[in-house]
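As provided, model.pdb (PDB, C-alpha atoms, pLDDT in the B column) reads as follows.
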ATOM      1  CA  MET A1167      19.380   2.879  36.104  1.00 57.00           C
ATOM      2  CA  ALA A1168      22.231   4.942  34.683  1.00 60.00           C
ATOM      3  CA  GLN A1169      21.082   4.120  31.155  1.00 63.00           C
ATOM      4  CA  ALA A1170      17.783   5.897  31.795  1.00 66.00           C
ATOM      5  CA  MET A1171      19.593   9.178  32.415  1.00 64.00           C
ATOM      6  CA  ARG A1172      21.646   9.098  29.216  1.00 62.00           C
ATOM      7  CA  PRO A1173      20.462  11.637  26.601  1.00 60.00           C
ATOM      8  CA  ASN A1174      19.587  10.444  23.135  1.00 56.00           C
ATOM      9  CA  THR A1175      22.103  12.198  20.874  1.00 56.00           C
ATOM     10  CA  ALA A1176      21.993   9.807  17.916  1.00 55.00           C
ATOM     11  CA  GLY A1177      19.415   9.814  15.153  1.00 54.00           C
ATOM     12  CA  GLY A1178      17.298  12.476  13.609  1.00 57.00           C
ATOM     13  CA  LEU A1179      14.192  14.363  14.532  1.00 61.00           C
ATOM     14  CA  PHE A1180      11.846  11.502  13.633  1.00 60.00           C
ATOM     15  CA  ALA A1181      14.077   8.551  14.525  1.00 59.00           C
ATOM     16  CA  THR A1182      13.228   7.446  18.050  1.00 70.00           C
ATOM     17  CA  ASP A1183      15.281   4.272  17.769  1.00 79.00           C
ATOM     18  CA  GLY A1184      18.583   6.144  17.371  1.00 76.00           C
ATOM     19  CA  LYS A1185      19.125   5.099  13.751  1.00 82.00           C
ATOM     20  CA  PRO A1186      18.888   7.314  10.674  1.00 85.00           C
ATOM     21  CA  HIS A1187      15.975   6.666   8.299  1.00 86.00           C
ATOM     22  CA  PRO A1188      16.612   8.775   5.187  1.00 90.00           C
ATOM     23  CA  LEU A1189      14.027   7.049   2.960  1.00 94.00           C
ATOM     24  CA  GLN A1190      11.290   7.288   5.555  1.00 92.00           C
ATOM     25  CA  ASP A1191      12.109  10.930   6.325  1.00 92.00           C
ATOM     26  CA  ALA A1192      12.022  11.793   2.617  1.00 95.00           C
ATOM     27  CA  LEU A1193       8.667  10.044   2.172  1.00 96.00           C
ATOM     28  CA  LEU A1194       7.339  11.909   5.207  1.00 96.00           C
ATOM     29  CA  ALA A1195       8.441  15.275   3.819  1.00 96.00           C
ATOM     30  CA  VAL A1196       7.032  14.563   0.338  1.00 97.00           C
ATOM     31  CA  THR A1197       3.727  13.351   1.764  1.00 97.00           C
ATOM     32  CA  LEU A1198       3.369  16.426   3.975  1.00 97.00           C
ATOM     33  CA  VAL A1199       4.179  18.834   1.120  1.00 97.00           C
ATOM     34  CA  LEU A1200       1.784  17.104  -1.281  1.00 97.00           C
ATOM     35  CA  GLY A1201      -0.928  16.869   1.381  1.00 97.00           C
ATOM     36  CA  ILE A1202      -0.703  20.523   2.360  1.00 97.00           C
ATOM     37  CA  THR A1203      -0.636  21.609  -1.296  1.00 97.00           C
ATOM     38  CA  SER A1204      -3.634  19.462  -2.105  1.00 97.00           C
ATOM     39  CA  PHE A1205      -5.574  20.636   0.938  1.00 97.00           C
ATOM     40  CA  ILE A1206      -4.971  24.336   0.293  1.00 97.00           C
ATOM     41  CA  THR A1207      -5.642  24.207  -3.451  1.00 96.00           C
ATOM     42  CA  ALA A1208      -8.848  22.239  -2.868  1.00 95.00           C
ATOM     43  CA  MET A1209     -10.371  25.386  -1.400  1.00 95.00           C
ATOM     44  CA  PHE A1210     -10.318  26.986  -4.859  1.00 94.00           C
ATOM     45  CA  HIS A1211     -12.744  25.528  -7.392  1.00 90.00           C
ATOM     46  CA  SER A1212     -10.601  26.376 -10.424  1.00 91.00           C
ATOM     47  CA  LEU A1213      -7.553  24.506  -9.056  1.00 93.00           C
ATOM     48  CA  HIS A1214      -9.211  21.091  -9.053  1.00 92.00           C
ATOM     49  CA  LEU A1215      -6.586  19.590 -11.368  1.00 93.00           C
ATOM     50  CA  LEU A1216      -3.746  20.535  -9.023  1.00 95.00           C
ATOM     51  CA  SER A1217      -5.566  19.466  -5.873  1.00 96.00           C
ATOM     52  CA  SER A1218      -6.723  16.126  -7.257  1.00 95.00           C
ATOM     53  CA  TRP A1219      -3.333  15.149  -8.710  1.00 96.00           C
ATOM     54  CA  THR A1220      -1.299  16.253  -5.684  1.00 97.00           C
ATOM     55  CA  GLY A1221      -3.820  14.504  -3.447  1.00 97.00           C
ATOM     56  CA  LEU A1222      -3.513  11.281  -5.424  1.00 97.00           C
ATOM     57  CA  LEU A1223       0.288  11.403  -5.343  1.00 97.00           C
ATOM     58  CA  GLY A1224       0.220  12.285  -1.640  1.00 97.00           C
ATOM     59  CA  ILE A1225      -1.977   9.285  -0.900  1.00 98.00           C
ATOM     60  CA  ALA A1226       0.359   6.999  -2.867  1.00 97.00           C
ATOM     61  CA  THR A1227       3.561   8.258  -1.223  1.00 97.00           C
ATOM     62  CA  GLY A1228       1.926   8.258   2.213  1.00 97.00           C
ATOM     63  CA  ALA A1229       0.707   4.694   1.806  1.00 97.00           C
ATOM     64  CA  TYR A1230       4.177   3.522   0.792  1.00 97.00           C
ATOM     65  CA  GLY A1231       5.667   5.534   3.652  1.00 96.00           C
ATOM     66  CA  GLN A1232       3.337   3.812   6.106  1.00 96.00           C
ATOM     67  CA  TRP A1233       4.414   0.458   4.720  1.00 96.00           C
ATOM     68  CA  VAL A1234       8.141   1.094   5.218  1.00 95.00           C
ATOM     69  CA  SER A1235       8.005   3.351   8.320  1.00 93.00           C
ATOM     70  CA  GLU A1236       9.794   2.178  11.430  1.00 90.00           C
ATOM     71  CA  THR A1237       8.936   4.641  14.196  1.00 90.00           C
ATOM     72  CA  THR A1238       5.769   6.092  15.661  1.00 88.00           C
ATOM     73  CA  ARG A1239       6.838   9.658  14.944  1.00 89.00           C
ATOM     74  CA  GLU A1240       7.175   8.884  11.237  1.00 91.00           C
ATOM     75  CA  ARG A1241       3.754   7.268  11.193  1.00 93.00           C
ATOM     76  CA  PHE A1242       2.176  10.238  12.975  1.00 94.00           C
ATOM     77  CA  GLY A1243       3.455  12.702  10.378  1.00 94.00           C
ATOM     78  CA  LEU A1244       2.475  10.394   7.551  1.00 96.00           C
ATOM     79  CA  ILE A1245      -1.075  10.148   8.876  1.00 97.00           C
ATOM     80  CA  LEU A1246      -1.329  13.953   8.964  1.00 97.00           C
ATOM     81  CA  GLY A1247      -0.095  14.157   5.372  1.00 97.00           C
ATOM     82  CA  LEU A1248      -2.377  11.331   4.263  1.00 97.00           C
ATOM     83  CA  GLY A1249      -5.400  13.023   5.830  1.00 97.00           C
ATOM     84  CA  ALA A1250      -4.680  16.341   4.150  1.00 97.00           C
ATOM     85  CA  ALA A1251      -3.994  14.621   0.822  1.00 98.00           C
ATOM     86  CA  GLY A1252      -7.202  12.603   1.101  1.00 97.00           C
ATOM     87  CA  ILE A1253      -9.352  15.640   1.810  1.00 97.00           C
ATOM     88  CA  GLY A1254      -7.699  17.570  -1.011  1.00 97.00           C
ATOM     89  CA  PHE A1255      -8.078  14.651  -3.397  1.00 96.00           C
ATOM     90  CA  PHE A1256     -11.767  14.139  -2.696  1.00 96.00           C
ATOM     91  CA  LEU A1257     -12.581  17.849  -2.891  1.00 96.00           C
ATOM     92  CA  GLY A1258     -10.605  18.088  -6.131  1.00 94.00           C
ATOM     93  CA  MET A1259     -12.574  15.169  -7.513  1.00 94.00           C
ATOM     94  CA  ALA A1260     -15.829  16.831  -6.486  1.00 93.00           C
ATOM     95  CA  HIS A1261     -14.829  20.067  -8.227  1.00 91.00           C
ATOM     96  CA  GLY A1262     -13.949  18.477 -11.556  1.00 89.00           C
ATOM     97  CA  GLY A1263     -11.649  15.521 -11.107  1.00 88.00           C
ATOM     98  CA  LEU A1264      -8.324  14.496 -12.544  1.00 89.00           C
ATOM     99  CA  PHE A1265      -9.133  15.409 -16.156  1.00 89.00           C
ATOM    100  CA  GLY A1266     -12.162  17.697 -15.788  1.00 81.00           C
ATOM    101  CA  GLY A1267     -12.174  20.496 -18.340  1.00 72.00           C
ATOM    102  CA  LEU A1268      -9.211  19.207 -20.342  1.00 73.00           C
ATOM    103  CA  PHE A1269     -11.165  17.475 -23.087  1.00 68.00           C
ATOM    104  CA  ASP A1270     -14.150  19.821 -23.527  1.00 58.00           C
TER     105      ASP A1270
END

When written as structure tokens, how does the structure in this file appear?
Amino acid sequence: MAQAMRPNTAGGLFATDGKPHPLQDALLAVTLVLGITSFITAMFHSLHLLSSWTGLLGIATGAYGQWVSETTRERFGLILGLGAAGIGFFLGMAHGGLFGGLFD
């Protein structure tokens, strides 16, 4: 049982398997930033273009991140980002959509 007492010094913050995952970590960070941006800007009616586009991009990067993710910690963060991006996207669509007000 000596192996159970050994600390995990390899890997990053989100890598529970001891291997680095730079692509997955980058997708996680991008999804979280886009999701938070979309969620916050969705609270303002006049920022519907920003919230809908960042939400759409956050959903796309989060979906790809889920597809290539390898650890549970990565998936947990991606789900948080996807949820925020989804809420921001749908509220942005309700306030005017992706192109609302551009062609009036």

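Nearest to Ile1206 of chain A of all the residues A:Pro1188, A:Gly1254, A:Gly1224, A:Gly1231 is A:Gly1254, counting all atoms listed in the file.
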
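Straight-line separation from atom CA of Gly1249 of chain A to atom CA of Leu1193 of chain A: 14.8 Å.
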
Problem set entry | Residues in the PyMOL selection byres ((chain A and resi 1237) around 9), expressed as a list in words |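 Answer for the PyMOL selection byres ((chain A and resi 1237) around 9): Phe1180, Ala1181, Thr1182, Asp1183, Ser1235, Glu1236, Thr1238, Arg1239, Glu1240, Arg1241 and Phe1242 of chain A.
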
For this session: Can you work out which one of A:His1187, A:Ala1260, A:Ala1195, A:Leu1244 has the shortest atom-to-atom distance to Ala1208 of chain A, counting all atoms listed in the file?
Result: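 Among the listed residues, A:Ala1260 lies closest to Ala1208 of chain A.
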
Exercise. What lies within 7 Å of Gly1263 of chain A using all atoms listed in the file, ignoring chain neighbours under 2 positions off, as a ChimeraX atom specification?
Worked result: /A:1214-1215,1218,1258-1261,1265-1266

Exercise. From the set A:Val1196, A:Gln1190, A:Gln1232, A:Ile1225, which residue has the shortest atom-to-atom contact distance to Ala1250 of chain A, counting only C-alpha atoms?
Worked result: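 Residue with the minimum atom-to-atom distance to Ala1250 of chain A: A:Ile1225.
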
Problem set entry | Minimum-distance residue to Gly1267 of chain A, chosen among A:Gly1201, A:Thr1207, A:Ala1226, A:Ser1212 (using all atoms listed in the file) |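 Ranked by minimum distance to Gly1267 of chain A, first place goes to A:Ser1212.
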
For this session: Can you work out the spacing between atom CA of Tyr1230 of chain A and atom CA of Leu1268 of chain A in Å, to one decimal?
Result: 29.5 Å
